[in-house]
Amino acid sequence: MDYIYTILILIGLFVILASSFDLVIGHCGLISIAHPIFYALGAYVSAMLAKEGGVPIPLAMLAGGAAAFLASVLVALPSLRVSGDYLLIASIGFQLGLIEFAKHIHSIGGAGGLTNIPSFLVNSYGRLSYVILVLAVAVLTVLFVRWLTSGPYGRMMAAMRDDELAFSMLGRNAIWVKVSVFAIGSGIAGVAGGLYAHYFRFLEPDQFGLLQSSAILTMVVVGGMRTTWGPVIGAVVLQILPQAITFLGLPPSILGPLQGLMFSGLVLVFMFARPQGLLAAPDIWAGRSTRERADG
Amino acid sequence: MLNATVISQILWTSLATSSYFVLFAVAFALVLKVNKVFNFAQAGMMTCAFYSAYVAVRVLEFSGPVGFVAAIAGGAAMAFILERFGFSVLRHRRASPMFVFIFTLIASQFITYAMTMIFGTWPTTIFASMFWPVSIIANVAVSAWDLPALGATILVLVVLWAFLRFTRYGQFMIAVADNADLAELYGIRKDRVLMVSMLVAGIICGIGMFLYGTRAQVQPAAATELMLFAVAATILGGIGNLWGAALAAVVLGLVQNSSILFIPSAWQGFLLYAFLFFAIVLFPSGFHLPERSKRLKRTVVAPVVVSDAKEG
Amino acid sequence: MADVLTVSALNKRFGGIVVADNIDLSLIKGRVLGLIGPNGAGKTSLFNLVCGVVRPDSGSIMLDGQEINGLPIRARARMGLARTWQNLRLFASLSVLDNLMLGPQVYSADTFTDLIFRPGHVAAAERAARDKAFAILERTGLADIAHQPIRDITFGQQKLVGVARALMNDARCLLLDEPMAGVEGQAYALIQKAVRDIAASGVAICVVEHNVAFIRDLCDEGVFMFAGKVLARGSVEALIADPQLTELYFGT
């Protein structure tokens, strides 16, 4: 049963990550793969605040989210002032650089990892309570993204994606929109990081590198960008599949790369056979107001 | 500890080891310039090149030169596959630059995983030993690897320059880099040119990886970090500027090597990324993921008007 | 002074090509200025310079007495400058109505903080924008297709949407880039009427057009451009009648 709980928690966490990443890359059209570093920031900040600072865990998790939010603004603002494509390289540099950096900081465990992160809920209420917590946050995230993208802000994002020049000529501020959405998406990832840290209770810098970037990218691309359920389906499918082949009883040296091969192979197949993903995004933005009008 | 000998040593070693970095940077810069793609799959091309040489020399026990040819073949083969079945298809579908970039990233990972499954994660080298005889020249330790490596790199750069300047396909590549649609109007087969460009990049990567793999250990994930160095050099050298990228690679190599005088060696890895991140943030003139120009540029029409104005 | 937009000594070169050569231009409240000239004369480039899409090498651009040269595009729009584009630039993922909803100088949810902390204000602004949009759609004969996606409407209707969207700005200065190109029939009449009404309401308008009938009918004054220079100014009739200009226009 514990195994199932862990899977559910992982699914929940990746739903949060995939949904928030879809906001950045799908709705806002920003090319970035650095989502995992904000996940990492949230995780480490929450872990350290709780472990060393004695901060109550719920607060620490929120602080983790805030830290990720702020860091993402620091990365996005200078990059986006120049151009949207700069963000890609700057964020990769930030992600890989911070990971390298973290490997040398002994107070957070260095390359060996941060251990003994304080546990939350599990000791008092059992694992199921944590599952419920994570799944609740996942549901909230999905609903939030849906709310944001089907309202006036979503209309703005769709227009900005269509034609940024015409968008600016109407008086709209593309940079603000991009930085805000990037920050919100990253902040959410940060909160997910806190949730991860206090359940698994061990963090190491390397787990937040390009591999995880690809994993999250896969979930969004395969599941279907700019759809409410696409990232969710992507997260579920891409958690279940690797777990499924674990049962084949292969040695770990084969299993790891095989999972990776499956991940990337699946994305490649999708990119060529069904580029829109499992769930195709609607061509035309349909906001809440459109739906309201349909009723009367 | 900073005396002439130490400085000369660092300068020499940096120069020698920048040889492969220059090649990786030039390959990356070339594909960016002509194909207008941030080819993150170059890491895959590099990995394929290395393992081709590895198989030729260590497994099949052929000689060094055969390994060299195998490296080139491996790099070119992977370049071919990427262009023929990847970029070309996406291009004809008018896929967005983001989509193409995601493809390069995922393709790179796929190749890495495939290689890991076949070869495992143990670091290996092309020749059984990494050690090369060292001679001391003017108080500086010069390895027997250094001069051939530098020579090979310079030769590649010269040949590339001549290729771009004097051969048909070289000039086509420059034309396509400038304005692909216009080039097509003049009868240049864009698809063929882009393939040639990728193949050239693949060959250069092959040579670079042969150099690297005869001096350092490689495991499947190693190429990614090497390629990021190339990315940094390309950006710092200026998009579209091959020789700028080459120079930037030398400078970056120098900075990274000499940093050992100022910072603990453990931090050297971090330095590159810090450099990349801050150089980008402070870089005043931005850059753009090159868009496929969808229309003819006005330059075709305007000169007619301007000449009229001079007469009338 | 009734000058809404004043362009002084504007210069721009791209490499060897002179796109703007010491241009002086004024747009006056309630008057329609026709910008005519052959292709490549620099008419759209002038619009781009005024809007901030391109930075001039030298010169000044004043909107209602304020220097706007150097300001970002969005700032100029928020000061009451609006335009339509030669290649439409409508938002293909949005319906006609939604295209317009993005047009007001101040959008209902320009910032995320507005969305979270002032939901009442956002809702009210949305309603106001919708009302205004429908009013404009009525005037331009587009009310029936308000909820259609852009790709499902005719080209003439698309051009009308472009104009309608620009009208959402309550602009003091409106730049129309070939509004009539490819348009005929009812759409033509509707655009013509819209331009007349906007001018009557006191907006300074500049129109780039090749359609002689339209220019004759609607423009109070004309400016002839060629190779980045303003060659002649005056009444539209005088410009059209000038044989030298006609020669330049059609090429020798």
# chains A, B, ... in the order shown; residues from 1 in each chain; ligands from 1
$ residues_around --residues "segment 131-142 of chain B" --least-positions-apart "3" --cutoff "8 Å" --atoms "only C-alpha atoms" --output "list in words"
Thr5, Ser8, Gln9, Trp12, Thr13, Trp145, Asp146 and Arg215 of chain B
$ closest_atom_pairs --of "chain C" --to "chain B" --cutoff "8 Å" --atoms "only C-alpha atoms" --output "Markdown table"
| residue | atom | partner | partner_atom | distance |
| --- | --- | --- | --- | --- |
| C:Ile17 | CA | B:Ala302 | CA | 7.5 |
| C:Gly40 | CA | B:Ala302 | CA | 5.9 |
| C:Ala41 | CA | B:Val305 | CA | 7.7 |
| C:Phe226 | CA | B:Ala309 | CA | 7.8 |
| C:Ala227 | CA | B:Val306 | CA | 6.1 |
$ closest_residue --among "A:Gly249, A:Gly42, A:Gly277, A:Pro58" --to "Leu217 of chain A" --atoms "only C-alpha atoms"
A:Gly277
$ residues_around --residues "Ala82 of chain C" --least-positions-apart "4" --cutoff "6 Å" --atoms "only C-alpha atoms" --output "number ranges by chain"
C: 77, 166, 171, 174
$ write_last_selection --atoms "N, CA and C atoms" --output "short mmCIF file (atom, residue, chain, number, x, y, z; two decimals), in the first residue's frame"
data_model
loop_
_atom_site.label_atom_id
_atom_site.label_comp_id
_atom_site.auth_asym_id
_atom_site.auth_seq_id
_atom_site.Cartn_x
_atom_site.Cartn_y
_atom_site.Cartn_z
N ALA C 77 0.80 53.57 -27.64
CA ALA C 77 -0.60 53.16 -27.81
C ALA C 77 -1.44 53.68 -26.66
N ALA C 166 -8.75 48.90 -33.90
CA ALA C 166 -8.01 50.15 -33.67
C ALA C 166 -8.91 51.20 -33.03
N ALA C 171 -8.46 56.50 -29.79
CA ALA C 171 -7.22 57.17 -30.16
C ALA C 171 -7.46 58.60 -30.57
N LEU C 174 -4.96 58.22 -35.52
CA LEU C 174 -5.19 56.90 -36.09
C LEU C 174 -4.44 56.77 -37.40
#
$ interface_residues --of "chain A" --to "chain B" --cutoff "7 Å" --atoms "only C-alpha atoms" --output "number ranges by chain"
A: 31, 78-79, 82-83, 85-86, 90, 93-94, 96-97, 100-101, 214, 254, 257, 260-261, 264-265
$ write_last_selection --atoms "C-alpha atoms" --output "PDB file, in the first residue's frame"
ATOM      1  CA  ILE A  31      10.837  28.478 -24.414  1.00  0.00           C
ATOM      2  CA  PRO A  78      16.786  40.707 -17.640  1.00  0.00           C
ATOM      3  CA  SER A  79      16.490  37.955 -20.238  1.00  0.00           C
ATOM      4  CA  VAL A  82      16.274  41.432 -24.499  1.00  0.00           C
ATOM      5  CA  SER A  83      14.254  38.734 -26.239  1.00  0.00           C
ATOM      6  CA  ASP A  85      14.829  33.368 -26.890  1.00  0.00           C
ATOM      7  CA  TYR A  86      17.438  34.637 -24.483  1.00  0.00           C
ATOM      8  CA  ALA A  90      19.783  32.020 -19.541  1.00  0.00           C
ATOM      9  CA  GLY A  93      22.644  28.372 -17.562  1.00  0.00           C
ATOM     10  CA  PHE A  94      20.844  29.173 -14.321  1.00  0.00           C
ATOM     11  CA  LEU A  96      22.857  23.821 -14.543  1.00  0.00           C
ATOM     12  CA  GLY A  97      24.919  26.476 -12.801  1.00  0.00           C
ATOM     13  CA  GLU A 100      26.849  22.714  -9.908  1.00  0.00           C
ATOM     14  CA  PHE A 101      26.927  25.371  -7.230  1.00  0.00           C
ATOM     15  CA  SER A 214      12.890  16.292 -20.370  1.00  0.00           C
ATOM     16  CA  ILE A 254      19.532  -1.475 -17.851  1.00  0.00           C
ATOM     17  CA  PRO A 257      18.485   3.969 -19.388  1.00  0.00           C
ATOM     18  CA  GLY A 260      14.928   7.133 -20.302  1.00  0.00           C
ATOM     19  CA  LEU A 261      14.833   5.555 -23.718  1.00  0.00           C
ATOM     20  CA  SER A 264      12.397  10.157 -25.065  1.00  0.00           C
ATOM     21  CA  GLY A 265      11.278   7.591 -27.605  1.00  0.00           C
TER      22      GLY A 265
END
$ atom_distance --atom1 "atom CA of Val236 of chain C" --atom2 "atom CA of Gly222 of chain C"
5.0 Å
$ select_by_dssp --residues "segment 6-197 of chain B" --states "alpha helix (DSSP H)" --output "number ranges by chain"
B: 6-34, 42-54, 64-81, 88-92, 97-119, 146-166, 168-178, 180-185, 190-197
$ write_last_selection --atoms "C-alpha atoms" --output "CSV table (one decimal), in the first residue's frame"
chain,number,residue,atom,x,y,z
B,6,VAL,CA,53.1,28.8,-14.5
B,7,ILE,CA,51.4,31.4,-16.8
B,8,SER,CA,53.0,29.9,-19.9
B,9,GLN,CA,52.0,26.5,-18.9
B,10,ILE,CA,48.4,27.5,-18.4
B,11,LEU,CA,48.4,29.4,-21.6
B,12,TRP,CA,49.8,26.5,-23.5
B,13,THR,CA,47.6,23.9,-22.0
B,14,SER,CA,44.5,26.1,-22.5
B,15,LEU,CA,45.4,26.6,-26.1
B,16,ALA,CA,45.9,22.9,-26.7
B,17,THR,CA,42.8,21.8,-25.0
B,18,SER,CA,40.8,24.6,-26.6
B,19,SER,CA,41.3,22.7,-29.9
B,20,TYR,CA,38.3,20.4,-29.5
B,21,PHE,CA,36.2,23.2,-28.0
B,22,VAL,CA,36.9,25.3,-31.0
B,23,LEU,CA,35.7,22.5,-33.3
B,24,PHE,CA,32.5,21.9,-31.2
B,25,ALA,CA,31.8,25.6,-31.1
B,26,VAL,CA,32.3,26.1,-34.9
B,27,ALA,CA,30.1,23.1,-35.6
B,28,PHE,CA,27.3,24.4,-33.4
B,29,ALA,CA,27.7,28.0,-34.8
B,30,LEU,CA,27.6,26.7,-38.4
B,31,VAL,CA,24.3,24.8,-37.9
B,32,LEU,CA,22.9,27.8,-36.1
B,33,LYS,CA,24.0,30.2,-38.9
B,34,VAL,CA,22.9,28.1,-41.9
B,42,GLN,CA,24.9,18.0,-31.5
B,43,ALA,CA,25.6,16.2,-28.2
B,44,GLY,CA,24.1,13.2,-29.8
B,45,MET,CA,26.2,13.6,-32.9
B,46,MET,CA,29.3,13.9,-30.7
B,47,THR,CA,28.4,10.9,-28.6
B,48,CYS,CA,27.8,8.8,-31.7
B,49,ALA,CA,31.2,9.9,-33.1
B,50,PHE,CA,33.0,9.0,-30.0
B,51,TYR,CA,31.5,5.5,-29.7
B,52,SER,CA,32.2,4.8,-33.4
B,53,ALA,CA,35.8,5.5,-32.8
B,54,TYR,CA,35.7,3.6,-29.6
B,64,GLY,CA,44.2,4.9,-34.7
B,65,PRO,CA,43.6,6.4,-38.2
B,66,VAL,CA,40.8,4.0,-38.7
B,67,GLY,CA,39.3,5.2,-35.4
B,68,PHE,CA,39.7,8.7,-36.7
B,69,VAL,CA,37.7,7.9,-39.9
B,70,ALA,CA,35.2,6.1,-37.8
B,71,ALA,CA,34.7,9.1,-35.6
B,72,ILE,CA,34.0,11.3,-38.6
B,73,ALA,CA,31.7,8.7,-40.1
B,74,GLY,CA,29.8,8.4,-36.8
B,75,GLY,CA,29.3,12.1,-36.5
B,76,ALA,CA,28.3,12.5,-40.1
B,77,ALA,CA,25.9,9.5,-39.9
B,78,MET,CA,24.1,10.9,-36.9
B,79,ALA,CA,24.0,14.3,-38.6
B,80,PHE,CA,22.5,12.7,-41.6
B,81,ILE,CA,19.8,10.9,-39.6
B,88,SER,CA,13.7,18.2,-42.7
B,89,VAL,CA,10.4,16.7,-41.7
B,90,LEU,CA,9.7,19.4,-39.1
B,91,ARG,CA,10.7,22.1,-41.6
B,92,HIS,CA,8.3,20.9,-44.2
B,97,PRO,CA,11.3,27.0,-33.5
B,98,MET,CA,10.2,25.8,-30.0
B,99,PHE,CA,9.1,22.5,-31.4
B,100,VAL,CA,12.3,22.0,-33.3
B,101,PHE,CA,14.3,22.9,-30.2
B,102,ILE,CA,12.4,20.4,-28.1
B,103,PHE,CA,13.1,17.8,-30.8
B,104,THR,CA,16.9,18.4,-30.5
B,105,LEU,CA,16.8,18.1,-26.8
B,106,ILE,CA,14.8,14.9,-26.8
B,107,ALA,CA,16.8,13.4,-29.7
B,108,SER,CA,20.0,14.1,-27.7
B,109,GLN,CA,18.6,12.4,-24.7
B,110,PHE,CA,17.4,9.4,-26.7
B,111,ILE,CA,20.9,8.9,-28.2
B,112,THR,CA,22.5,9.3,-24.8
B,113,TYR,CA,20.2,6.6,-23.3
B,114,ALA,CA,20.7,4.3,-26.3
B,115,MET,CA,24.5,4.6,-25.9
B,116,THR,CA,24.2,4.1,-22.1
B,117,MET,CA,22.3,0.9,-22.7
B,118,ILE,CA,24.9,-0.4,-25.2
B,119,PHE,CA,28.1,0.8,-23.6
B,146,ASP,CA,49.0,19.0,-28.2
B,147,LEU,CA,50.6,19.8,-31.5
B,148,PRO,CA,48.7,17.3,-33.7
B,149,ALA,CA,45.5,18.5,-32.0
B,150,LEU,CA,46.2,22.1,-32.6
B,151,GLY,CA,47.4,21.3,-36.1
B,152,ALA,CA,44.2,19.3,-36.9
B,153,THR,CA,42.1,22.2,-35.5
B,154,ILE,CA,43.8,24.8,-37.6
B,155,LEU,CA,43.6,22.6,-40.6
B,156,VAL,CA,39.9,22.1,-40.1
B,157,LEU,CA,39.3,25.9,-39.8
B,158,VAL,CA,41.3,26.6,-42.9
B,159,VAL,CA,39.6,24.0,-44.9
B,160,LEU,CA,36.2,25.2,-43.6
B,161,TRP,CA,37.0,28.8,-44.6
B,162,ALA,CA,38.1,27.7,-48.0
B,163,PHE,CA,35.1,25.5,-48.4
B,164,LEU,CA,32.8,28.4,-47.6
B,165,ARG,CA,34.7,30.9,-49.7
B,166,PHE,CA,35.5,28.9,-52.8
B,168,ARG,CA,29.8,26.0,-54.7
B,169,TYR,CA,28.1,24.4,-51.8
B,170,GLY,CA,30.0,26.6,-49.4
B,171,GLN,CA,28.7,29.7,-51.1
B,172,PHE,CA,25.2,28.3,-51.2
B,173,MET,CA,25.5,27.8,-47.5
B,174,ILE,CA,26.3,31.4,-47.0
B,175,ALA,CA,23.4,32.4,-49.2
B,176,VAL,CA,21.0,30.2,-47.4
B,177,ALA,CA,22.3,31.6,-44.1
B,178,ASP,CA,21.5,35.1,-45.3
B,180,ALA,CA,16.9,31.0,-47.4
B,181,ASP,CA,13.8,31.9,-49.4
B,182,LEU,CA,15.7,34.3,-51.7
B,183,ALA,CA,18.3,31.7,-52.2
B,184,GLU,CA,15.7,29.2,-53.3
B,185,LEU,CA,14.4,31.7,-55.8
B,190,LYS,CA,17.7,24.6,-49.8
B,191,ASP,CA,17.2,21.0,-48.5
B,192,ARG,CA,20.5,19.8,-50.0
B,193,VAL,CA,22.4,22.8,-48.7
B,194,LEU,CA,21.0,22.2,-45.2
B,195,MET,CA,22.0,18.6,-45.4
B,196,VAL,CA,25.5,19.5,-46.4
B,197,SER,CA,25.7,22.0,-43.6
$ interface_residues --of "chain A" --to "chain C" --cutoff "9 Å" --atoms "only C-alpha atoms" --output "VMD selection string"
chain A and resid 148 152 to 153 155 to 156 158 to 163 165 to 174 176 to 177 180 to 181 282 to 286 290
$ residues_around --residues "segment 194-204 of chain A" --least-positions-apart "5" --cutoff "8 Å" --atoms "only C-alpha atoms" --output "VMD selection string"
chain A and resid 13 39 42 to 47 60 to 62 64 to 65 109 to 120 122 130 134
$ residues_around --residues "Gly230 of chain A" --least-positions-apart "3" --cutoff "10 Å" --atoms "only C-alpha atoms" --output "count of residues only"
22
$ residues_around --residues "Ile7 of chain A" --least-positions-apart "3" --cutoff "9 Å" --atoms "only C-alpha atoms" --output "PyMOL selection string"
chain A and resi 2-4+10-12+239-240+243
$ residues_around --residues "Gly151 of chain A" --least-positions-apart "3" --cutoff "6 Å" --atoms "only C-alpha atoms" --output "number ranges by chain"
A: 148, 154, 287-288
$ atom_distance --atom1 "atom CA of Lys103 of chain A" --atom2 "atom CA of Ile33 of chain A"
20.4 Å
$ select_by_dssp --residues "segment 14-244 of chain C" --states "strand (DSSP E or B)" --output "VMD selection string"
chain C and resid 14 17 to 28 32 to 36 58 to 63 66 to 67 81 to 83 95 149 173 to 177 204 to 208 221 to 226 229 to 234
$ write_last_selection --atoms "C-alpha atoms" --output "PDB file, in the first residue's frame"
ATOM      1  CA  PHE C  14      18.751  50.445 -43.353  1.00  0.00           C
ATOM      2  CA  ILE C  17      18.586  52.113 -48.303  1.00  0.00           C
ATOM      3  CA  VAL C  18      17.133  55.426 -47.199  1.00  0.00           C
ATOM      4  CA  VAL C  19      13.755  54.722 -45.734  1.00  0.00           C
ATOM      5  CA  ALA C  20      13.071  58.170 -44.302  1.00  0.00           C
ATOM      6  CA  ASP C  21      14.815  61.284 -45.596  1.00  0.00           C
ATOM      7  CA  ASN C  22      14.285  64.346 -43.445  1.00  0.00           C
ATOM      8  CA  ILE C  23      10.545  63.898 -43.183  1.00  0.00           C
ATOM      9  CA  ASP C  24       8.296  66.635 -41.793  1.00  0.00           C
ATOM     10  CA  LEU C  25       4.649  65.833 -41.319  1.00  0.00           C
ATOM     11  CA  SER C  26       1.714  67.034 -39.274  1.00  0.00           C
ATOM     12  CA  LEU C  27      -1.598  65.412 -38.536  1.00  0.00           C
ATOM     13  CA  ILE C  28      -4.378  67.746 -37.571  1.00  0.00           C
ATOM     14  CA  VAL C  32      -7.619  63.005 -42.914  1.00  0.00           C
ATOM     15  CA  LEU C  33      -4.179  63.037 -44.523  1.00  0.00           C
ATOM     16  CA  GLY C  34      -3.560  60.753 -47.469  1.00  0.00           C
ATOM     17  CA  LEU C  35      -0.069  59.287 -47.802  1.00  0.00           C
ATOM     18  CA  ILE C  36       0.492  58.289 -51.381  1.00  0.00           C
ATOM     19  CA  SER C  58      17.390  61.193 -35.927  1.00  0.00           C
ATOM     20  CA  GLY C  59      14.411  63.476 -35.692  1.00  0.00           C
ATOM     21  CA  SER C  60      11.455  63.950 -33.409  1.00  0.00           C
ATOM     22  CA  ILE C  61       7.945  62.600 -33.121  1.00  0.00           C
ATOM     23  CA  MET C  62       5.470  64.486 -30.977  1.00  0.00           C
ATOM     24  CA  LEU C  63       2.030  63.324 -29.968  1.00  0.00           C
ATOM     25  CA  GLN C  66       4.845  65.242 -26.073  1.00  0.00           C
ATOM     26  CA  GLU C  67       7.956  63.657 -27.517  1.00  0.00           C
ATOM     27  CA  LEU C  81      -1.996  56.270 -30.945  1.00  0.00           C
ATOM     28  CA  ALA C  82      -3.627  53.456 -32.914  1.00  0.00           C
ATOM     29  CA  ARG C  83      -2.999  51.821 -36.254  1.00  0.00           C
ATOM     30  CA  SER C  95     -12.954  35.564 -32.119  1.00  0.00           C
ATOM     31  CA  PRO C 149     -13.142  33.051 -35.292  1.00  0.00           C
ATOM     32  CA  CYS C 173      -4.340  59.770 -33.776  1.00  0.00           C
ATOM     33  CA  LEU C 174      -5.188  56.899 -36.092  1.00  0.00           C
ATOM     34  CA  LEU C 175      -2.894  55.470 -38.747  1.00  0.00           C
ATOM     35  CA  LEU C 176      -4.525  53.289 -41.380  1.00  0.00           C
ATOM     36  CA  ASP C 177      -2.236  51.218 -43.561  1.00  0.00           C
ATOM     37  CA  ALA C 204      -6.405  62.995 -36.619  1.00  0.00           C
ATOM     38  CA  ILE C 205      -6.116  60.363 -39.317  1.00  0.00           C
ATOM     39  CA  CYS C 206      -3.405  59.396 -41.746  1.00  0.00           C
ATOM     40  CA  VAL C 207      -4.170  56.882 -44.458  1.00  0.00           C
ATOM     41  CA  VAL C 208      -1.753  55.051 -46.711  1.00  0.00           C
ATOM     42  CA  GLU C 221      -4.933  66.760 -47.888  1.00  0.00           C
ATOM     43  CA  GLY C 222      -2.294  64.602 -49.469  1.00  0.00           C
ATOM     44  CA  VAL C 223       1.412  63.960 -49.158  1.00  0.00           C
ATOM     45  CA  PHE C 224       3.408  62.277 -51.921  1.00  0.00           C
ATOM     46  CA  MET C 225       6.325  60.156 -50.829  1.00  0.00           C
ATOM     47  CA  PHE C 226       9.086  58.667 -52.916  1.00  0.00           C
ATOM     48  CA  LYS C 229      11.290  61.662 -49.111  1.00  0.00           C
ATOM     49  CA  VAL C 230       8.226  63.835 -48.994  1.00  0.00           C
ATOM     50  CA  LEU C 231       8.197  65.180 -52.530  1.00  0.00           C
ATOM     51  CA  ALA C 232       4.962  67.121 -52.563  1.00  0.00           C
ATOM     52  CA  ARG C 233       2.129  68.254 -50.354  1.00  0.00           C
ATOM     53  CA  GLY C 234      -1.212  69.746 -51.197  1.00  0.00           C
TER      54      GLY C 234
END
